[in-house]
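Below is my_file.pdb, which holds PDB, C-alpha atoms.
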```
ATOM      1  CA  MET A 686      56.092  53.444 127.625  1.00  0.00           C
ATOM      2  CA  GLN A 687      59.306  52.332 129.307  1.00  0.00           C
ATOM      3  CA  ALA A 688      59.122  55.051 131.969  1.00  0.00           C
ATOM      4  CA  HIS A 689      55.444  54.342 132.598  1.00  0.00           C
ATOM      5  CA  LEU A 690      55.995  50.608 133.022  1.00  0.00           C
ATOM      6  CA  SER A 691      58.980  51.297 135.279  1.00  0.00           C
ATOM      7  CA  ARG A 692      56.840  53.515 137.519  1.00  0.00           C
ATOM      8  CA  LEU A 693      54.373  50.624 137.762  1.00  0.00           C
ATOM      9  CA  GLY A 694      57.146  48.211 138.745  1.00  0.00           C
ATOM     10  CA  LEU A 695      56.849  46.427 135.396  1.00  0.00           C
ATOM     11  CA  ALA A 696      60.121  47.434 133.750  1.00  0.00           C
ATOM     12  CA  GLU A 697      60.901  43.796 132.917  1.00  0.00           C
ATOM     13  CA  ARG A 698      57.807  43.711 130.660  1.00  0.00           C
ATOM     14  CA  PHE A 699      59.370  46.245 128.271  1.00  0.00           C
ATOM     15  CA  TRP A 700      61.710  45.361 125.416  1.00  0.00           C
ATOM     16  CA  CYS A 701      62.534  47.880 122.720  1.00  0.00           C
ATOM     17  CA  PRO A 702      65.704  47.128 120.761  1.00  0.00           C
ATOM     18  CA  GLN A 703      67.215  49.428 118.168  1.00  0.00           C
ATOM     19  CA  LEU A 704      65.972  47.696 115.037  1.00  0.00           C
ATOM     20  CA  PRO A 705      68.274  47.171 112.077  1.00  0.00           C
ATOM     21  CA  VAL A 706      67.637  49.285 108.982  1.00  0.00           C
ATOM     22  CA  ASP A 707      67.160  46.119 106.930  1.00  0.00           C
ATOM     23  CA  PRO A 708      63.467  45.190 107.251  1.00  0.00           C
ATOM     24  CA  LYS A 709      64.141  41.429 107.043  1.00  0.00           C
ATOM     25  CA  ALA A 710      66.708  41.637 109.839  1.00  0.00           C
ATOM     26  CA  ALA A 711      64.369  43.790 111.957  1.00  0.00           C
ATOM     27  CA  ILE A 712      61.502  41.318 111.567  1.00  0.00           C
ATOM     28  CA  GLU A 713      63.688  38.322 112.360  1.00  0.00           C
ATOM     29  CA  LEU A 714      65.097  39.996 115.492  1.00  0.00           C
ATOM     30  CA  VAL A 715      61.614  40.566 116.876  1.00  0.00           C
ATOM     31  CA  ALA A 716      60.283  37.211 115.630  1.00  0.00           C
ATOM     32  CA  GLU A 717      63.078  35.437 117.500  1.00  0.00           C
ATOM     33  CA  ARG A 718      62.110  37.245 120.711  1.00  0.00           C
ATOM     34  CA  ILE A 719      58.423  36.414 120.188  1.00  0.00           C
ATOM     35  CA  GLY A 720      59.319  32.753 119.694  1.00  0.00           C
ATOM     36  CA  THR A 721      61.418  32.722 122.861  1.00  0.00           C
ATOM     37  CA  LEU A 722      58.636  34.323 124.907  1.00  0.00           C
ATOM     38  CA  ASN A 723      55.989  32.006 123.466  1.00  0.00           C
ATOM     39  CA  SER A 724      58.093  28.971 124.362  1.00  0.00           C
ATOM     40  CA  THR A 725      58.076  30.121 127.997  1.00  0.00           C
ATOM     41  CA  GLY A 726      54.327  30.745 128.026  1.00  0.00           C
ATOM     42  CA  ILE A 727      54.554  34.542 127.879  1.00  0.00           C
ATOM     43  CA  ALA A 728      52.165  36.211 125.433  1.00  0.00           C
ATOM     44  CA  PRO A 729      53.881  39.378 124.223  1.00  0.00           C
ATOM     45  CA  VAL A 730      51.982  42.398 122.921  1.00  0.00           C
ATOM     46  CA  LEU A 731      53.623  44.432 120.190  1.00  0.00           C
ATOM     47  CA  VAL A 732      53.486  48.218 120.196  1.00  0.00           C
ATOM     48  CA  GLY A 733      54.634  49.870 116.997  1.00  0.00           C
ATOM     49  CA  SER A 734      54.589  53.436 115.754  1.00  0.00           C
ATOM     50  CA  SER A 735      54.692  54.360 112.065  1.00  0.00           C
ATOM     51  CA  LEU A 736      56.995  51.796 110.387  1.00  0.00           C
ATOM     52  CA  GLY A 737      56.915  49.878 113.675  1.00  0.00           C
ATOM     53  CA  GLY A 738      53.143  49.570 113.211  1.00  0.00           C
ATOM     54  CA  TYR A 739      53.722  48.080 109.757  1.00  0.00           C
ATOM     55  CA  TYR A 740      56.169  45.601 111.277  1.00  0.00           C
ATOM     56  CA  ALA A 741      53.779  44.839 114.153  1.00  0.00           C
ATOM     57  CA  THR A 742      50.991  44.069 111.679  1.00  0.00           C
ATOM     58  CA  HIS A 743      53.216  41.677 109.743  1.00  0.00           C
ATOM     59  CA  LEU A 744      54.284  39.932 112.948  1.00  0.00           C
ATOM     60  CA  ALA A 745      50.754  39.754 114.390  1.00  0.00           C
ATOM     61  CA  GLU A 746      49.609  38.017 111.223  1.00  0.00           C
ATOM     62  CA  ARG A 747      52.686  35.783 111.105  1.00  0.00           C
ATOM     63  CA  PHE A 748      52.044  34.708 114.697  1.00  0.00           C
ATOM     64  CA  ALA A 749      48.237  34.604 114.366  1.00  0.00           C
ATOM     65  CA  SER A 750      48.178  31.039 115.675  1.00  0.00           C
ATOM     66  CA  VAL A 751      49.256  32.301 119.103  1.00  0.00           C
ATOM     67  CA  ALA A 752      46.824  35.251 118.939  1.00  0.00           C
ATOM     68  CA  LEU A 753      49.597  37.843 119.103  1.00  0.00           C
ATOM     69  CA  LYS A 754      48.139  41.284 119.851  1.00  0.00           C
ATOM     70  CA  ALA A 755      49.423  44.538 118.374  1.00  0.00           C
ATOM     71  CA  VAL A 756      48.995  48.190 119.283  1.00  0.00           C
ATOM     72  CA  LEU A 757      49.470  50.380 116.228  1.00  0.00           C
ATOM     73  CA  LEU A 758      50.290  54.062 116.712  1.00  0.00           C
ATOM     74  CA  ASN A 759      49.798  56.137 113.538  1.00  0.00           C
ATOM     75  CA  PRO A 760      50.956  53.079 111.564  1.00  0.00           C
ATOM     76  CA  ALA A 761      52.401  53.057 108.074  1.00  0.00           C
ATOM     77  CA  ILE A 762      49.988  51.159 105.847  1.00  0.00           C
ATOM     78  CA  VAL A 763      51.988  50.701 102.630  1.00  0.00           C
ATOM     79  CA  ALA A 764      55.527  51.319 103.839  1.00  0.00           C
ATOM     80  CA  HIS A 765      57.177  50.330 100.574  1.00  0.00           C
ATOM     81  CA  ARG A 766      55.290  53.145  98.828  1.00  0.00           C
ATOM     82  CA  SER A 767      55.613  55.810 101.502  1.00  0.00           C
ATOM     83  CA  LEU A 768      59.337  55.177 102.024  1.00  0.00           C
ATOM     84  CA  ALA A 769      60.382  54.701  98.386  1.00  0.00           C
ATOM     85  CA  ASP A 770      61.219  58.418  98.141  1.00  0.00           C
ATOM     86  CA  TYR A 771      63.779  58.058 100.944  1.00  0.00           C
ATOM     87  CA  VAL A 772      66.229  55.777  99.145  1.00  0.00           C
ATOM     88  CA  GLY A 773      69.709  57.133  99.841  1.00  0.00           C
ATOM     89  CA  ILE A 774      71.631  58.357 102.862  1.00  0.00           C
ATOM     90  CA  GLN A 775      69.346  59.128 105.808  1.00  0.00           C
ATOM     91  CA  THR A 776      69.883  60.149 109.424  1.00  0.00           C
ATOM     92  CA  SER A 777      68.757  57.967 112.320  1.00  0.00           C
ATOM     93  CA  TYR A 778      65.848  59.502 114.231  1.00  0.00           C
ATOM     94  CA  HIS A 779      67.355  58.296 117.504  1.00  0.00           C
ATOM     95  CA  GLY A 780      71.028  59.122 117.685  1.00  0.00           C
ATOM     96  CA  GLY A 781      71.500  61.023 114.444  1.00  0.00           C
ATOM     97  CA  GLU A 782      73.827  58.477 112.802  1.00  0.00           C
ATOM     98  CA  PRO A 783      73.804  58.315 109.008  1.00  0.00           C
ATOM     99  CA  PHE A 784      72.648  55.104 107.311  1.00  0.00           C
ATOM    100  CA  GLU A 785      71.840  54.043 103.782  1.00  0.00           C
ATOM    101  CA  PHE A 786      68.278  53.129 102.895  1.00  0.00           C
ATOM    102  CA  THR A 787      68.306  51.170  99.638  1.00  0.00           C
ATOM    103  CA  ALA A 788      65.947  49.980  96.924  1.00  0.00           C
ATOM    104  CA  ALA A 789      66.479  46.476  98.346  1.00  0.00           C
ATOM    105  CA  HIS A 790      65.040  47.721 101.649  1.00  0.00           C
ATOM    106  CA  VAL A 791      61.981  49.027  99.800  1.00  0.00           C
ATOM    107  CA  GLU A 792      61.522  45.620  98.162  1.00  0.00           C
ATOM    108  CA  ALA A 793      61.925  43.923 101.551  1.00  0.00           C
ATOM    109  CA  LEU A 794      59.143  46.144 102.898  1.00  0.00           C
ATOM    110  CA  ARG A 795      56.959  45.177  99.940  1.00  0.00           C
ATOM    111  CA  ALA A 796      57.523  41.507 100.799  1.00  0.00           C
ATOM    112  CA  LEU A 797      56.278  42.136 104.355  1.00  0.00           C
ATOM    113  CA  GLU A 798      52.992  43.669 103.260  1.00  0.00           C
ATOM    114  CA  VAL A 799      49.963  41.910 104.729  1.00  0.00           C
ATOM    115  CA  GLY A 800      47.028  41.273 102.418  1.00  0.00           C
ATOM    116  CA  ALA A 801      44.004  41.104 104.695  1.00  0.00           C
ATOM    117  CA  ILE A 802      43.907  41.541 108.432  1.00  0.00           C
ATOM    118  CA  THR A 803      42.602  38.469 110.230  1.00  0.00           C
ATOM    119  CA  ARG A 804      40.888  38.706 113.590  1.00  0.00           C
ATOM    120  CA  PRO A 805      40.905  42.516 113.857  1.00  0.00           C
ATOM    121  CA  GLU A 806      40.058  42.256 117.568  1.00  0.00           C
ATOM    122  CA  ARG A 807      43.765  41.491 118.136  1.00  0.00           C
ATOM    123  CA  TYR A 808      44.610  45.075 117.125  1.00  0.00           C
ATOM    124  CA  LEU A 809      44.350  48.411 118.884  1.00  0.00           C
ATOM    125  CA  LEU A 810      44.698  51.288 116.435  1.00  0.00           C
ATOM    126  CA  VAL A 811      45.575  54.703 117.851  1.00  0.00           C
ATOM    127  CA  VAL A 812      45.599  57.535 115.318  1.00  0.00           C
ATOM    128  CA  GLU A 813      45.533  61.302 115.368  1.00  0.00           C
ATOM    129  CA  THR A 814      43.652  63.159 112.649  1.00  0.00           C
ATOM    130  CA  GLY A 815      46.390  65.796 112.379  1.00  0.00           C
ATOM    131  CA  ASP A 816      49.075  63.293 111.299  1.00  0.00           C
ATOM    132  CA  GLU A 817      51.037  65.258 108.707  1.00  0.00           C
ATOM    133  CA  LEU A 818      52.685  62.166 107.173  1.00  0.00           C
ATOM    134  CA  LEU A 819      49.999  59.491 107.038  1.00  0.00           C
ATOM    135  CA  ASP A 820      46.275  59.766 106.374  1.00  0.00           C
ATOM    136  CA  TYR A 821      44.516  58.419 109.456  1.00  0.00           C
ATOM    137  CA  ARG A 822      41.446  57.535 107.348  1.00  0.00           C
ATOM    138  CA  VAL A 823      43.487  54.967 105.420  1.00  0.00           C
ATOM    139  CA  ALA A 824      44.450  53.318 108.715  1.00  0.00           C
ATOM    140  CA  ILE A 825      40.838  53.279 109.910  1.00  0.00           C
ATOM    141  CA  LYS A 826      39.748  51.602 106.684  1.00  0.00           C
ATOM    142  CA  ARG A 827      42.646  49.109 106.822  1.00  0.00           C
ATOM    143  CA  TYR A 828      41.919  48.044 110.429  1.00  0.00           C
ATOM    144  CA  LEU A 829      38.125  48.076 110.199  1.00  0.00           C
ATOM    145  CA  GLY A 830      36.737  46.054 113.082  1.00  0.00           C
ATOM    146  CA  ALA A 831      39.784  46.636 115.293  1.00  0.00           C
ATOM    147  CA  ASN A 832      39.705  48.422 118.605  1.00  0.00           C
ATOM    148  CA  MET A 833      40.280  52.087 117.757  1.00  0.00           C
ATOM    149  CA  ILE A 834      41.124  55.345 119.404  1.00  0.00           C
ATOM    150  CA  VAL A 835      40.845  58.311 117.033  1.00  0.00           C
ATOM    151  CA  VAL A 836      42.039  61.618 118.467  1.00  0.00           C
ATOM    152  CA  ALA A 837      41.186  64.938 116.810  1.00  0.00           C
ATOM    153  CA  GLY A 838      44.259  66.998 115.963  1.00  0.00           C
ATOM    154  CA  GLY A 839      47.721  65.915 116.991  1.00  0.00           C
ATOM    155  CA  ASP A 840      50.457  64.863 114.584  1.00  0.00           C
ATOM    156  CA  HIS A 841      52.568  61.918 113.453  1.00  0.00           C
ATOM    157  CA  ALA A 842      54.504  61.981 116.745  1.00  0.00           C
ATOM    158  CA  LEU A 843      51.197  61.111 118.479  1.00  0.00           C
ATOM    159  CA  GLN A 844      50.916  64.000 120.895  1.00  0.00           C
ATOM    160  CA  SER A 845      48.159  62.233 122.846  1.00  0.00           C
ATOM    161  CA  PHE A 846      50.302  59.176 123.610  1.00  0.00           C
ATOM    162  CA  PRO A 847      50.596  59.830 127.388  1.00  0.00           C
ATOM    163  CA  ARG A 848      46.791  59.965 127.595  1.00  0.00           C
ATOM    164  CA  GLN A 849      46.508  56.624 125.767  1.00  0.00           C
ATOM    165  CA  LEU A 850      48.780  54.618 128.083  1.00  0.00           C
ATOM    166  CA  GLY A 851      45.946  53.344 130.265  1.00  0.00           C
ATOM    167  CA  ALA A 852      43.959  52.063 127.279  1.00  0.00           C
ATOM    168  CA  ILE A 853      47.073  50.508 125.743  1.00  0.00           C
ATOM    169  CA  LEU A 854      47.930  48.641 128.943  1.00  0.00           C
ATOM    170  CA  GLU A 855      44.318  47.530 129.381  1.00  0.00           C
ATOM    171  CA  PHE A 856      44.310  46.165 125.819  1.00  0.00           C
ATOM    172  CA  ALA A 857      47.588  44.374 126.605  1.00  0.00           C
ATOM    173  CA  GLY A 858      46.000  42.789 129.672  1.00  0.00           C
ATOM    174  CA  ILE A 859      48.222  44.664 132.110  1.00  0.00           C
ATOM    175  CA  SER A 860      46.339  45.833 135.166  1.00  0.00           C
ATOM    176  CA  THR A 861      47.599  48.977 136.845  1.00  0.00           C
TER     177      THR A 861
END
```
As structure tokens, how would this structure be written, given the file I've shared?
Amino acid sequence: MQAHLSRLGLAERFWCPQLPVDPKAAIELVAERIGTLNSTGIAPVLVGSSLGGYYATHLAERFASVALKAVLLNPAIVAHRSLADYVGIQTSYHGGEPFEFTAAHVEALRALEVGAITRPERYLLVVETGDELLDYRVAIKRYLGANMIVVAGGDHALQSFPRQLGAILEFAGIST
């Protein structure tokens, strides 16, 4: 996404911090940025993959009054359940540093769970049917009424992502 926006001369439209392991801290970091952008009249669009999709859903609902949009890429639906088995020492996907994922983190994820999705038109769901970690059908049911791209095959890493960039930017209101 960053490279694509840079090629379009839109590098300043991209912000992707390394999120803290603690779900509450991660949400507050992004919420602060959303608040700052909203106060300047900029309408951000969230793009989240897997756990990032879970976070993006929480934030889109939290900021529903400003019609925050979210693009969800193979999103986690019930993160507190799917990640409960990972309590303990883990290795960062980006960078390889060890970190501890705790039962308190699982409970923090539970607290972020969104009951019902409001205004599903604010969401773009992109899933691949070959996702080996998450059942794409659960996501389709969860985001019923949302804009959807369902790709046959693929995997949790979303192999079709480069082909989806145009649709993602169009949904975000970015003309190329």
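Closest approach to Val772 in chain A from the set A:Met686, A:Ala749, A:Ala831, A:Val706 is made by A:Val706, with distances taken over all atoms listed in the file.
Take CA of Ser845 in chain A and CA of Gly694 in chain A: the distance between them is 23.0 Å.
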- request: For range 797-814 of chain A, work out the shell of residues within 9 Å, counting only C-alpha atoms and skipping chain neighbours fewer than 2 positions away, then give it as a PyMOL selection string.
  value: chain A and resi 708-709+712+739-740+742-743+745-746+749+752-760+762-765+792-795+816-817+820-822+824-825+827-841+843-846+849+853+856
query: A:Gln687, A:Ser750, A:Thr787, A:Ser735: which is nearest Gly773 in chain A, counting only C-alpha atoms?
result: A:Thr787
task: Could you please determine the separation between CA of Ala741 in chain A and CA of Ala788 in chain A in Å, to one decimal place?
output: 21.7 Å
